[in-house]
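To be precise, the following lines are my_file.txt, and they hold compact mmCIF, C-alpha atoms.
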```txt
# COMPACT_ATOMS: atom_id res chain seq x y z
CA MET A 421 105.02 170.47 89.73
CA LEU A 422 108.55 169.61 90.75
CA ARG A 423 108.56 171.82 93.81
CA ASN A 424 107.01 169.13 96.01
CA LYS A 425 109.30 166.33 94.84
CA THR A 426 112.35 167.09 96.94
CA ALA A 427 114.22 164.12 98.38
CA LEU A 428 116.46 163.79 101.39
CA LEU A 429 119.99 162.48 100.78
CA ARG A 430 121.48 160.69 103.76
CA PRO A 431 125.28 160.26 103.62
CA ILE A 432 126.43 156.64 103.64
CA GLY A 433 130.02 157.57 104.42
CA VAL A 434 132.68 160.25 104.34
CA ILE A 435 135.96 160.95 102.51
CA ARG A 436 139.14 161.00 104.61
CA SER A 437 141.78 162.69 102.48
CA ALA A 438 145.02 164.63 102.76
CA LEU A 439 143.28 167.26 100.57
CA LYS A 440 141.85 169.76 103.04
CA SER A 441 140.54 172.60 100.88
CA ARG A 442 138.91 173.13 97.48
CA THR A 443 141.60 175.66 96.56
CA ASN A 444 144.33 173.04 96.51
CA ALA A 445 142.30 170.16 95.08
CA PRO A 446 142.86 169.00 91.47
CA ARG A 447 139.81 169.51 89.23
CA GLN A 448 139.63 165.84 88.26
CA GLY A 449 140.93 162.63 89.81
CA SER A 450 143.11 162.10 86.74
CA GLU A 451 144.90 165.41 87.32
CA GLY A 452 147.27 164.26 90.05
CA ALA A 453 144.75 163.52 92.80
CA PRO A 454 145.77 161.27 95.71
CA ASP A 455 144.19 158.13 97.07
CA ALA A 456 141.83 158.61 100.00
CA TRP A 457 139.93 156.56 102.55
CA LEU A 458 136.21 156.18 102.30
CA GLU A 459 134.68 155.47 105.72
CA ILE A 460 131.32 153.76 105.43
CA ASP A 461 128.60 154.22 108.04
CA PRO A 462 128.16 151.00 110.11
CA ARG A 463 124.42 151.06 109.39
CA VAL A 464 125.01 150.34 105.69
CA GLU A 465 128.10 148.11 105.98
CA ASP A 466 126.22 145.09 104.56
CA ALA A 467 125.82 146.99 101.26
CA LEU A 468 129.59 146.58 100.67
CA ARG A 469 129.40 142.78 100.32
CA GLY A 470 130.96 141.68 97.05
CA LEU A 471 133.29 144.65 96.57
CA ALA A 472 137.00 143.74 96.37
CA ALA A 473 140.40 145.36 95.90
CA GLY A 474 141.00 146.03 92.21
CA ASP A 475 137.33 146.77 91.43
CA GLU A 476 136.50 149.89 89.45
CA ILE A 477 133.66 151.81 91.07
CA ILE A 478 131.95 155.17 90.82
CA VAL A 479 131.83 157.04 94.12
CA ILE A 480 129.05 159.64 94.27
CA THR A 481 129.70 162.52 96.65
CA TRP A 482 127.84 165.62 97.78
CA PHE A 483 130.00 168.73 97.34
CA HIS A 484 128.96 170.27 100.65
CA ARG A 485 131.04 173.42 100.07
CA SER A 486 129.45 174.25 96.72
CA ARG A 487 127.12 177.03 95.68
CA ARG A 488 123.73 175.84 94.46
CA ASP A 489 122.64 179.12 92.86
CA VAL A 490 125.28 179.10 90.11
CA LEU A 491 123.84 178.23 86.67
CA GLU A 492 126.66 179.40 84.37
CA VAL A 493 130.44 179.39 84.73
CA TYR A 494 133.62 180.07 82.80
CA PRO A 495 135.01 176.51 82.44
CA ARG A 496 138.10 175.91 84.54
CA SER A 497 137.62 179.44 85.98
CA ASP A 498 139.25 180.84 82.83
CA ARG A 499 137.43 183.89 81.44
CA ARG A 500 138.88 183.22 78.00
CA ASN A 501 136.46 180.27 77.85
CA PRO A 502 132.85 181.05 76.86
CA LEU A 503 130.24 181.35 79.61
CA THR A 504 128.77 177.85 79.82
CA GLY A 505 125.78 176.28 81.58
CA VAL A 506 126.85 174.14 84.54
CA PHE A 507 125.08 171.09 83.04
CA ALA A 508 127.63 171.26 80.19
CA THR A 509 130.54 171.35 82.70
CA ARG A 510 131.85 169.43 85.69
CA SER A 511 131.73 172.53 87.92
CA PRO A 512 131.13 171.59 91.58
CA ASP A 513 128.84 174.64 91.78
CA ARG A 514 125.45 173.50 90.45
CA PRO A 515 121.81 173.13 91.63
CA ASN A 516 122.42 169.65 93.12
CA PRO A 517 126.18 169.48 93.75
CA LEU A 518 126.70 165.76 93.19
CA GLY A 519 130.22 164.57 92.32
CA LEU A 520 130.98 161.50 90.20
CA HIS A 521 134.36 159.94 90.89
CA PRO A 522 135.51 156.91 88.88
CA VAL A 523 138.13 155.24 91.08
CA THR A 524 139.84 151.93 91.73
CA ILE A 525 139.53 150.17 95.09
CA ARG A 526 143.12 149.85 96.35
CA ALA A 527 142.31 148.02 99.59
CA ILE A 528 139.44 147.20 101.92
CA ASP A 529 139.78 147.19 105.71
CA GLY A 530 136.43 146.32 107.26
CA ARG A 531 134.14 149.22 106.39
CA ARG A 532 136.99 151.46 105.21
CA LEU A 533 137.86 151.49 101.51
CA CYS A 534 141.08 152.96 100.16
CA VAL A 535 140.20 154.37 96.70
CA GLY A 536 141.81 156.59 94.13
CA PRO A 537 142.74 158.72 92.49
CA ILE A 538 140.08 161.08 93.91
CA GLU A 539 139.95 164.87 94.07
CA ALA A 540 137.22 165.16 96.74
CA ILE A 541 138.37 166.97 99.88
CA ASP A 542 138.49 165.67 103.44
CA GLY A 543 135.05 165.55 105.05
CA THR A 544 133.09 165.31 101.78
CA PRO A 545 129.93 163.23 102.32
CA VAL A 546 129.59 160.07 100.20
CA VAL A 547 126.03 159.28 99.09
CA ASP A 548 126.36 156.22 96.85
CA ILE A 549 128.77 153.68 95.36
CA LYS A 550 128.18 151.87 92.07
CA PRO A 551 130.20 149.33 90.12
CA VAL A 552 131.44 150.36 86.68
CA LEU A 553 129.47 148.36 84.12
CA LYS A 554 131.70 146.41 81.74
CA MET B 1029 128.47 162.11 112.98
CA LEU B 1030 126.83 161.74 109.59
CA ARG B 1031 123.30 161.90 110.89
CA ASN B 1032 123.20 165.69 110.79
CA LYS B 1033 124.66 166.01 107.30
CA THR B 1034 121.55 165.29 105.26
CA ALA B 1035 121.05 167.35 102.11
CA LEU B 1036 117.96 168.26 100.18
CA LEU B 1037 117.85 167.26 96.50
CA ARG B 1038 115.67 169.50 94.38
CA PRO B 1039 114.69 168.04 90.98
CA ILE B 1040 115.89 170.08 88.00
CA GLY B 1041 113.63 168.25 85.58
CA VAL B 1042 111.60 165.15 84.88
CA ILE B 1043 111.69 162.19 82.47
CA ARG B 1044 108.84 161.90 79.96
CA SER B 1045 108.97 158.36 78.62
CA ALA B 1046 106.77 155.71 77.03
CA LEU B 1047 108.00 153.41 79.86
CA LYS B 1048 105.32 153.67 82.51
CA SER B 1049 106.29 151.05 85.10
CA ARG B 1050 109.41 149.52 86.63
CA THR B 1051 108.15 146.05 85.76
CA ASN B 1052 108.45 146.65 82.03
CA ALA B 1053 111.60 148.77 82.07
CA PRO B 1054 114.91 147.32 80.83
CA ARG B 1055 117.59 147.07 83.54
CA GLN B 1056 120.08 149.18 81.61
CA GLY B 1057 119.78 151.72 78.81
CA SER B 1058 121.82 149.40 76.59
CA GLU B 1059 119.27 146.61 76.98
CA GLY B 1060 116.73 147.87 74.47
CA ALA B 1061 115.62 151.05 76.23
CA PRO B 1062 113.86 153.78 74.25
CA ASP B 1063 114.67 157.45 73.86
CA ALA B 1064 112.83 159.81 76.21
CA TRP B 1065 112.27 163.51 76.74
CA LEU B 1066 113.90 165.28 79.60
CA GLU B 1067 111.90 168.36 80.60
CA ILE B 1068 114.04 170.90 82.41
CA ASP B 1069 112.58 173.27 85.01
CA PRO B 1070 112.44 176.85 83.67
CA ARG B 1071 114.28 178.09 86.76
CA VAL B 1072 117.48 176.26 85.74
CA GLU B 1073 117.18 176.60 81.96
CA ASP B 1074 120.34 178.75 81.79
CA ALA B 1075 122.36 175.78 83.04
CA LEU B 1076 121.77 174.04 79.66
CA ARG B 1077 123.81 176.61 77.69
CA GLY B 1078 126.48 174.86 75.66
CA LEU B 1079 124.77 171.47 75.35
CA ALA B 1080 124.08 170.36 71.78
CA ALA B 1081 122.61 167.43 69.83
CA GLY B 1082 125.17 164.64 69.57
CA ASP B 1083 126.73 165.33 73.00
CA GLU B 1084 127.27 162.41 75.34
CA ILE B 1085 126.03 163.22 78.84
CA ILE B 1086 125.31 161.49 82.12
CA VAL B 1087 121.78 162.07 83.39
CA ILE B 1088 121.44 161.58 87.15
CA THR B 1089 117.97 160.61 88.31
CA TRP B 1090 116.28 159.90 91.62
CA PHE B 1091 114.51 156.51 91.55
CA HIS B 1092 111.44 157.75 93.41
CA ARG B 1093 109.80 154.30 93.42
CA SER B 1094 112.75 152.55 95.07
CA ARG B 1095 113.18 151.04 98.52
CA ARG B 1096 115.86 152.72 100.60
CA ASP B 1097 116.10 150.02 103.27
CA VAL B 1098 117.49 147.31 100.98
CA LEU B 1099 121.21 146.65 101.55
CA GLU B 1100 121.65 143.28 99.78
CA VAL B 1101 120.08 141.81 96.64
CA TYR B 1102 120.30 138.85 94.31
CA PRO B 1103 121.71 140.50 91.16
CA ARG B 1104 119.18 140.74 88.33
CA SER B 1105 116.58 139.30 90.77
CA ASP B 1106 117.99 135.82 90.08
CA ARG B 1107 118.43 133.73 93.23
CA ARG B 1108 121.08 131.63 91.53
CA ASN B 1109 123.33 134.69 91.88
CA PRO B 1110 125.04 135.18 95.27
CA LEU B 1111 123.51 137.67 97.71
CA THR B 1112 125.39 140.88 96.98
CA GLY B 1113 125.65 144.30 98.65
CA VAL B 1114 123.79 146.97 96.69
CA PHE B 1115 126.99 149.06 96.40
CA ALA B 1116 128.40 146.21 94.27
CA THR B 1117 125.31 146.26 92.01
CA ARG B 1118 123.24 148.69 89.96
CA SER B 1119 120.06 147.83 91.88
CA PRO B 1120 117.63 150.79 91.99
CA ASP B 1121 116.87 149.78 95.59
CA ARG B 1122 119.65 151.35 97.73
CA PRO B 1123 120.06 153.89 100.57
CA ASN B 1124 120.16 156.87 98.19
CA PRO B 1125 118.46 155.67 95.00
CA LEU B 1126 120.40 157.73 92.47
CA GLY B 1127 120.47 156.52 88.86
CA LEU B 1128 123.33 157.15 86.42
CA HIS B 1129 122.32 157.11 82.78
CA PRO B 1130 124.94 157.61 80.07
CA VAL B 1131 122.98 158.83 77.04
CA THR B 1132 123.33 160.76 73.79
CA ILE B 1133 121.43 164.00 73.21
CA ARG B 1134 119.32 163.32 70.09
CA ALA B 1135 117.71 166.78 69.87
CA ILE B 1136 117.12 169.92 71.90
CA ASP B 1137 113.87 171.89 71.74
CA GLY B 1138 114.12 174.86 74.10
CA ARG B 1139 114.31 173.37 77.58
CA ARG B 1140 113.32 169.88 76.41
CA LEU B 1141 116.08 167.40 75.58
CA CYS B 1142 115.47 164.18 73.68
CA VAL B 1143 118.00 161.66 75.06
CA GLY B 1144 118.60 157.96 74.86
CA PRO B 1145 118.69 155.12 75.23
CA ILE B 1146 117.37 155.45 78.79
CA GLU B 1147 115.58 152.95 81.02
CA ALA B 1148 114.17 155.46 83.54
CA ILE B 1149 110.37 155.41 83.72
CA ASP B 1150 107.96 158.27 83.05
CA GLY B 1151 107.85 160.78 85.89
CA THR B 1152 111.32 159.99 87.26
CA PRO B 1153 112.87 163.16 88.72
CA VAL B 1154 116.15 164.34 87.17
CA VAL B 1155 118.62 165.88 89.64
CA ASP B 1156 121.75 166.61 87.57
CA ILE B 1157 123.29 166.48 84.09
CA LYS B 1158 127.02 166.17 83.46
CA PRO B 1159 129.09 165.97 80.28
CA VAL B 1160 131.06 162.77 79.71
CA LEU B 1161 134.74 163.62 80.11
CA LYS B 1162 136.85 162.66 77.09
```

Could you take the file, read its structure, and then write that structure out as structure tokens?
Amino acid sequence: MLRNKTALLRPIGVIRSALKSRTNAPRQGSEGAPDAWLEIDPRVEDALRGLAAGDEIIVITWFHRSRRDVLEVYPRSDRRNPLTGVFATRSPDRPNPLGLHPVTIRAIDGRRLCVGPIEAIDGTPVVDIKPVLK
Amino acid sequence: MLRNKTALLRPIGVIRSALKSRTNAPRQGSEGAPDAWLEIDPRVEDALRGLAAGDEIIVITWFHRSRRDVLEVYPRSDRRNPLTGVFATRSPDRPNPLGLHPVTIRAIDGRRLCVGPIEAIDGTPVVDIKPVLK
């Protein structure tokens, strides 16, 4: 039933960050992650209208380095934790490796947004941006 | 550069709701939306391990009835509002029509989760589930 309902994600931008590998990246933005630049594709630049420095947004990424066949993990890679389904964790390894990153817009320069703190590594595709609902 | 980086989303479940059309659906879960059942695909059932009634989760859906070519909208379909980029709104019409739904798990019955309140309509594909970080 669901097999025929696949959908094609098309990146709307990319993360430009000093973080270059998953090994060194913090597990959450709040755990000491840096700010990063989000470069938006010129074809969707109009979709940025109304965003401003200071806004809180949710950046949705696609963890392109993740494994999609992992269904259970030891949270925080610590085997003292019980084996847990990935839907009960924030593991980047999961059937559809989407990342949710609540960040603040620090600055906007044309179609480049400086946002942070964000743990996504350099080159991570961005697939959506949403405002935080008050 | 980004053109070759498309990714294939594979639904991990589907929404079963009394809401049958977008026209009648509330705009946000908090605006009077009902509870609904989330039916998880048997192939990813193990990924549910650790979820329990009472948990707060974020359900990520794919708005399969949305338009992907819309970049600007009048928020809440009210032309008195200024024309706004979709990345500054929660419009379901957007380049990658992902929906974020913060909900509470009311009950779990095998691989069916009763969750709510949720404004997604019947038949909406579910692509990920994440716990809310405390």

Q.
What's the separation between atom CA of Ile549 of chain A and atom CA of Arg488 of chain A, in Å to one decimal place?
A. 22.7 Å

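As for atom CA of Arg1134 of chain B and atom CA of Ile1088 of chain B, they are spaced 17.3 Å apart.
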
Q. Please, which residues of chain A lie no more than 7 Å from chain B when the count uses only C-alpha atoms, and can they be set out as JSON, numbers by chain?
A. {"A": [422, 425, 426, 427, 428, 429, 430, 431, 464, 466, 467, 468, 469, 470, 471, 491, 492, 504, 505, 506, 507, 508, 509, 510, 516, 547, 548, 549, 550, 551]}

Could you write those residues out with C-alpha atoms, as a CSV table (one decimal), keeping the file's coordinate frame?
```
chain,number,residue,atom,x,y,z
A,422,LEU,CA,108.6,169.6,90.8
A,425,LYS,CA,109.3,166.3,94.8
A,426,THR,CA,112.4,167.1,96.9
A,427,ALA,CA,114.2,164.1,98.4
A,428,LEU,CA,116.5,163.8,101.4
A,429,LEU,CA,120.0,162.5,100.8
A,430,ARG,CA,121.5,160.7,103.8
A,431,PRO,CA,125.3,160.3,103.6
A,464,VAL,CA,125.0,150.3,105.7
A,466,ASP,CA,126.2,145.1,104.6
A,467,ALA,CA,125.8,147.0,101.3
A,468,LEU,CA,129.6,146.6,100.7
A,469,ARG,CA,129.4,142.8,100.3
A,470,GLY,CA,131.0,141.7,97.0
A,471,LEU,CA,133.3,144.6,96.6
A,491,LEU,CA,123.8,178.2,86.7
A,492,GLU,CA,126.7,179.4,84.4
A,504,THR,CA,128.8,177.8,79.8
A,505,GLY,CA,125.8,176.3,81.6
A,506,VAL,CA,126.8,174.1,84.5
A,507,PHE,CA,125.1,171.1,83.0
A,508,ALA,CA,127.6,171.3,80.2
A,509,THR,CA,130.5,171.4,82.7
A,510,ARG,CA,131.8,169.4,85.7
A,516,ASN,CA,122.4,169.6,93.1
A,547,VAL,CA,126.0,159.3,99.1
A,548,ASP,CA,126.4,156.2,96.8
A,549,ILE,CA,128.8,153.7,95.4
A,550,LYS,CA,128.2,151.9,92.1
A,551,PRO,CA,130.2,149.3,90.1
```

Need to verify the contact set: Val1131 of chain B, 7 Å, only C-alpha atoms, exclusion of same-chain residues closer than 6 positions in sequence. Can you return it as a compact mmCIF listing (two decimals) with C-alpha atoms, keeping the file's coordinate frame?
```
# COMPACT_ATOMS: atom_id res chain seq x y z
CA GLU B 1084 127.27 162.41 75.34
CA ILE B 1085 126.03 163.22 78.84
CA ILE B 1086 125.31 161.49 82.12
CA VAL B 1143 118.00 161.66 75.06
CA GLY B 1144 118.60 157.96 74.86
CA PRO B 1145 118.69 155.12 75.23
CA ILE B 1146 117.37 155.45 78.79
```

Q: Excluding Asn444 of chain A and residues on its chain fewer than 5 positions from it, collect all residues at most 10 Å away from it, counting all atoms listed in the file, and give them as a list in words.
A: Leu439, Glu539 and Ile541 of chain A

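Atom CA of Asp455 of chain A is positioned 10.2 Å from atom CA of Leu533 of chain A.
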
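You can rank A:Arg487, A:Arg436, A:Arg499, A:Lys554 by their closest distance to Leu458 of chain A using all atoms listed in the file, and at the top of that list sits A:Arg436.
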